[in-house]
Every structure is written in C-alpha cells, then in structure tokens.
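J.: First, the structure itself, so that you have it in front of you.
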Amino acid sequence: MSKPAQIEIRPADFNDPQLHQLVEAHHAYGAAHYPAESNHELGINELAAENMQLITAWLDEKCVGMVGFKPFGTNAAELKSMHVLASGRGYGIGTKLINHIFALAKDQKIDQIYLETGSRDASAAARAMYEKFGFNYCDPFGDYREDPESVFMRLDLE
C-alpha cells in the first residue's frame, strides 16, 4: 500500500529549477492553446517582482502548481499565472492554492480579487473551479481590453 501524497503550499523560491520548469510548462500550455497576442502570462522576472507574491504547491517534493497574487488599488488584487501540472491534478492542489490566496487577501485587507483566463475549452476546468469559489464574470479590468480569447472574473470577499 502506497503512502498518501504529501502536499505543501509555500512561497516561491525563484532559484529553484523546478519553479522555472513549471513556468515554462505554463507558457507552453498557453502557447499551444491561445494566440500570442492573447496570452497574458508573466515571465519568471515579472513573477519575482516586488509587487507580486508567488505561491507554489509541492506534491511529494515536486513543484506541481503555482499562483500569483498582485495587489492593485486600495483593496483589490489580481490572481495571476495559476497553473497545476497534469501530474498534480486530482489532489485538490488548485483548491489549496486558491484558499491560500484567500488567506493572503484577508491578511492584506483585500476585498476584491480579479482574474483573467482563457475562453477556450483548454481553460474550461479553470473557469469551473473559479465559478465554484464564487467568482463572477465581469468586464475587463486594469490594463486588459476586450478579447474574444479572454474572460474576466471577479470575487467580492466578505
């Protein structure tokens, strides 16, 4: 009988090659499913920026997921670059990452979380997860513009 998977959520270590591989996989997934002009992924340097917090998910010592959290304005933040590798799916990692973001938001007095994700079938599971957490569709925010390849979502936290 195999032991249950051990999942750990922790701040990103930008020197870890596994994180770099995860970011590359995230970019490859986007490039395979969306035109370049509709991809809004951040590079490793942007994910490491001072105004960004990147959280990683580890499954049995393998980096299999990430989510960025970027505050803007006085009480809002954007969820960025959420990705869980296929090898990490089915363990509730996306849920754990989102719940960690909710805790960060509470600590930072954030009461609105926004996100942009893709409109195609390749992003259907992500949209379904966001909907499950209560995110609603909204108009573009920040520097985003209308794009048939994108959908925009917002969650008002209580």
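Each chain in the structure tokens gets a letter, A, B, ..., in the order shown, and its residues are numbered from 1; ligands are numbered from 1 in order too.
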When you look at Glu116 (chain A) with a cut-off of 8 Å (counting only C-alpha atoms), what residues show up, excluding the ones that are within fewer than 3 positions of it in the same chain? I need them as a VMD selection string.
T.: chain A and resid 79 to 80 150 to 153
J.: From a DSSP pass on the backbone, collect the residues of chain A flagged as helix (DSSP H, G or I) and hand them back as an MDAnalysis selection string.
T.: chainID A and resid 17:33 36:38 44:47 86:88 93:107 121:132
J.: Write the residues of the selection above to a file with N, CA and C atoms, as a short mmCIF file (atom, residue, chain, number, x, y, z; two decimals), in the first residue's frame.
T.:
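Result went into selection.cif, see below:
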data_model
loop_
_atom_site.label_atom_id
_atom_site.label_comp_id
_atom_site.auth_asym_id
_atom_site.auth_seq_id
_atom_site.Cartn_x
_atom_site.Cartn_y
_atom_site.Cartn_z
N PRO A 17 15.14 25.29 -9.77
CA PRO A 17 14.91 24.94 -11.18
C PRO A 17 13.53 24.33 -11.45
N GLN A 18 12.93 23.69 -10.44
CA GLN A 18 11.59 23.13 -10.64
C GLN A 18 10.56 24.24 -10.88
N LEU A 19 10.73 25.39 -10.22
CA LEU A 19 9.83 26.51 -10.47
C LEU A 19 10.00 27.01 -11.90
N HIS A 20 11.22 27.12 -12.36
CA HIS A 20 11.48 27.56 -13.74
C HIS A 20 10.82 26.61 -14.74
N GLN A 21 10.90 25.31 -14.47
CA GLN A 21 10.27 24.32 -15.35
C GLN A 21 8.75 24.47 -15.34
N LEU A 22 8.18 24.76 -14.17
CA LEU A 22 6.74 24.96 -14.07
C LEU A 22 6.30 26.19 -14.86
N VAL A 23 7.04 27.28 -14.74
CA VAL A 23 6.72 28.50 -15.50
C VAL A 23 6.82 28.21 -16.99
N GLU A 24 7.84 27.48 -17.42
CA GLU A 24 7.97 27.12 -18.84
C GLU A 24 6.79 26.26 -19.29
N ALA A 25 6.35 25.33 -18.46
CA ALA A 25 5.20 24.48 -18.81
C ALA A 25 3.93 25.33 -18.92
N HIS A 26 3.79 26.30 -18.04
CA HIS A 26 2.63 27.21 -18.08
C HIS A 26 2.62 27.99 -19.40
N HIS A 27 3.77 28.49 -19.80
CA HIS A 27 3.86 29.24 -21.06
C HIS A 27 3.60 28.33 -22.25
N ALA A 28 4.12 27.11 -22.22
CA ALA A 28 3.92 26.17 -23.33
C ALA A 28 2.43 25.82 -23.46
N TYR A 29 1.74 25.65 -22.33
CA TYR A 29 0.32 25.35 -22.37
C TYR A 29 -0.45 26.50 -23.01
N GLY A 30 -0.15 27.72 -22.59
CA GLY A 30 -0.80 28.88 -23.17
C GLY A 30 -0.53 29.01 -24.65
N ALA A 31 0.73 28.81 -25.05
CA ALA A 31 1.10 28.93 -26.46
C ALA A 31 0.44 27.86 -27.32
N ALA A 32 0.19 26.70 -26.75
CA ALA A 32 -0.43 25.61 -27.50
C ALA A 32 -1.93 25.83 -27.72
N HIS A 33 -2.53 26.69 -26.90
CA HIS A 33 -4.00 26.83 -26.95
C HIS A 33 -4.51 28.22 -27.32
N ALA A 36 -0.54 34.29 -29.45
CA ALA A 36 0.43 35.04 -28.61
C ALA A 36 -0.14 36.35 -28.11
N GLU A 37 -0.90 37.06 -28.96
CA GLU A 37 -1.42 38.37 -28.54
C GLU A 37 -2.48 38.27 -27.44
N SER A 38 -2.97 37.06 -27.20
CA SER A 38 -3.99 36.87 -26.15
C SER A 38 -3.42 36.19 -24.91
N ILE A 44 9.41 34.73 -15.46
CA ILE A 44 9.94 34.50 -14.12
C ILE A 44 10.34 35.79 -13.43
N ASN A 45 10.90 36.75 -14.17
CA ASN A 45 11.29 38.03 -13.55
C ASN A 45 10.07 38.83 -13.11
N GLU A 46 9.02 38.80 -13.90
CA GLU A 46 7.78 39.50 -13.53
C GLU A 46 7.12 38.82 -12.32
N LEU A 47 7.19 37.50 -12.27
CA LEU A 47 6.63 36.79 -11.13
C LEU A 47 7.40 37.06 -9.85
N ALA A 86 -0.31 18.54 -15.04
CA ALA A 86 -1.16 17.35 -15.14
C ALA A 86 -0.82 16.34 -14.04
N SER A 87 0.45 16.21 -13.69
CA SER A 87 0.87 15.25 -12.65
C SER A 87 0.37 15.64 -11.26
N GLY A 88 -0.07 16.90 -11.10
CA GLY A 88 -0.57 17.35 -9.80
C GLY A 88 -2.08 17.44 -9.73
N ILE A 93 -5.03 20.43 -5.39
CA ILE A 93 -3.98 21.46 -5.32
C ILE A 93 -4.52 22.82 -5.72
N GLY A 94 -5.33 22.89 -6.77
CA GLY A 94 -5.91 24.18 -7.17
C GLY A 94 -6.71 24.78 -6.03
N THR A 95 -7.50 23.96 -5.35
CA THR A 95 -8.28 24.43 -4.21
C THR A 95 -7.39 24.94 -3.10
N LYS A 96 -6.32 24.22 -2.80
CA LYS A 96 -5.39 24.64 -1.75
C LYS A 96 -4.72 25.97 -2.12
N LEU A 97 -4.35 26.14 -3.38
CA LEU A 97 -3.73 27.40 -3.81
C LEU A 97 -4.72 28.56 -3.67
N ILE A 98 -5.95 28.36 -4.13
CA ILE A 98 -6.97 29.42 -4.03
C ILE A 98 -7.23 29.76 -2.56
N ASN A 99 -7.36 28.76 -1.72
CA ASN A 99 -7.60 29.03 -0.30
C ASN A 99 -6.44 29.80 0.32
N HIS A 100 -5.22 29.52 -0.13
CA HIS A 100 -4.06 30.27 0.36
C HIS A 100 -4.16 31.73 -0.08
N ILE A 101 -4.60 31.95 -1.31
CA ILE A 101 -4.78 33.33 -1.80
C ILE A 101 -5.85 34.04 -0.96
N PHE A 102 -6.92 33.35 -0.63
CA PHE A 102 -7.95 33.97 0.21
C PHE A 102 -7.37 34.38 1.57
N ALA A 103 -6.50 33.57 2.14
CA ALA A 103 -5.87 33.93 3.42
C ALA A 103 -4.96 35.15 3.25
N LEU A 104 -4.20 35.19 2.16
CA LEU A 104 -3.37 36.38 1.89
C LEU A 104 -4.24 37.62 1.76
N ALA A 105 -5.34 37.49 1.03
CA ALA A 105 -6.24 38.63 0.83
C ALA A 105 -6.77 39.13 2.17
N LYS A 106 -7.17 38.22 3.02
CA LYS A 106 -7.69 38.61 4.33
C LYS A 106 -6.62 39.34 5.13
N ASP A 107 -5.40 38.80 5.15
CA ASP A 107 -4.29 39.42 5.89
C ASP A 107 -3.96 40.81 5.36
N ASP A 121 -11.92 25.89 -24.63
CA ASP A 121 -12.10 24.66 -23.86
C ASP A 121 -10.88 24.32 -23.01
N ALA A 122 -9.68 24.72 -23.46
CA ALA A 122 -8.46 24.44 -22.72
C ALA A 122 -8.48 25.06 -21.32
N SER A 123 -9.32 26.06 -21.12
CA SER A 123 -9.41 26.74 -19.82
C SER A 123 -10.73 26.44 -19.11
N ALA A 124 -11.50 25.51 -19.62
CA ALA A 124 -12.83 25.22 -19.03
C ALA A 124 -12.72 24.74 -17.59
N ALA A 125 -11.76 23.88 -17.28
CA ALA A 125 -11.63 23.38 -15.91
C ALA A 125 -11.28 24.51 -14.95
N ALA A 126 -10.41 25.42 -15.40
CA ALA A 126 -10.05 26.57 -14.55
C ALA A 126 -11.28 27.44 -14.30
N ARG A 127 -12.04 27.74 -15.35
CA ARG A 127 -13.23 28.57 -15.18
C ARG A 127 -14.22 27.90 -14.22
N ALA A 128 -14.39 26.59 -14.36
CA ALA A 128 -15.32 25.87 -13.48
C ALA A 128 -14.86 25.96 -12.02
N MET A 129 -13.55 25.86 -11.78
CA MET A 129 -13.05 25.97 -10.42
C MET A 129 -13.29 27.37 -9.87
N TYR A 130 -13.01 28.38 -10.67
CA TYR A 130 -13.24 29.76 -10.20
C TYR A 130 -14.72 29.99 -9.90
N GLU A 131 -15.58 29.48 -10.77
CA GLU A 131 -17.03 29.61 -10.53
C GLU A 131 -17.42 28.93 -9.22
N LYS A 132 -16.83 27.76 -8.95
CA LYS A 132 -17.13 27.02 -7.72
C LYS A 132 -16.80 27.87 -6.48
#
J.: Please report, as a list in words, each residue of region 66-119 of chain A to which DSSP assigns strand (DSSP E) when run on this structure's backbone.
T.: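 Filtering region 66-119 of chain A to strand (DSSP E) leaves Met66, Val67, Gly68, Phe69, Lys70, Pro71, Phe72, Ala76, Ala77, Glu78, Leu79, Lys80, Ser81, Met82, His83, Val84, Gln112, Ile113, Tyr114, Leu115, Glu116, Thr117 and Gly118 of chain A.
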J.: Identify which of the residues A:Leu157, A:Ala5, A:Met66, A:Leu115 lies closest to Gly90 (chain A), counting only C-alpha atoms when measuring atom-to-atom distances.
T.: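 Among A:Leu157, A:Ala5, A:Met66, A:Leu115, it is A:Ala5 that comes nearest to Gly90 (chain A).
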J.: Would you list the contacts of Ile7 (chain A) as a VMD selection string, taking every protein, DNA or RNA residue within 9 Å and counting only C-alpha atoms, but skipping same-chain residues closer than 6 positions in sequence?
T.: chain A and resid 57 to 61 91 93
J.: Tell me, in Å to one decimal, how far CA of Phe135 (chain A) is from CA of Pro11 (chain A).
T.: 23.9 Å
J.: Report, in Å to a single decimal, how far apart CA of Ile113 (chain A) and CA of Arg145 (chain A) are.
T.: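 These atoms are spaced 17.7 Å apart.
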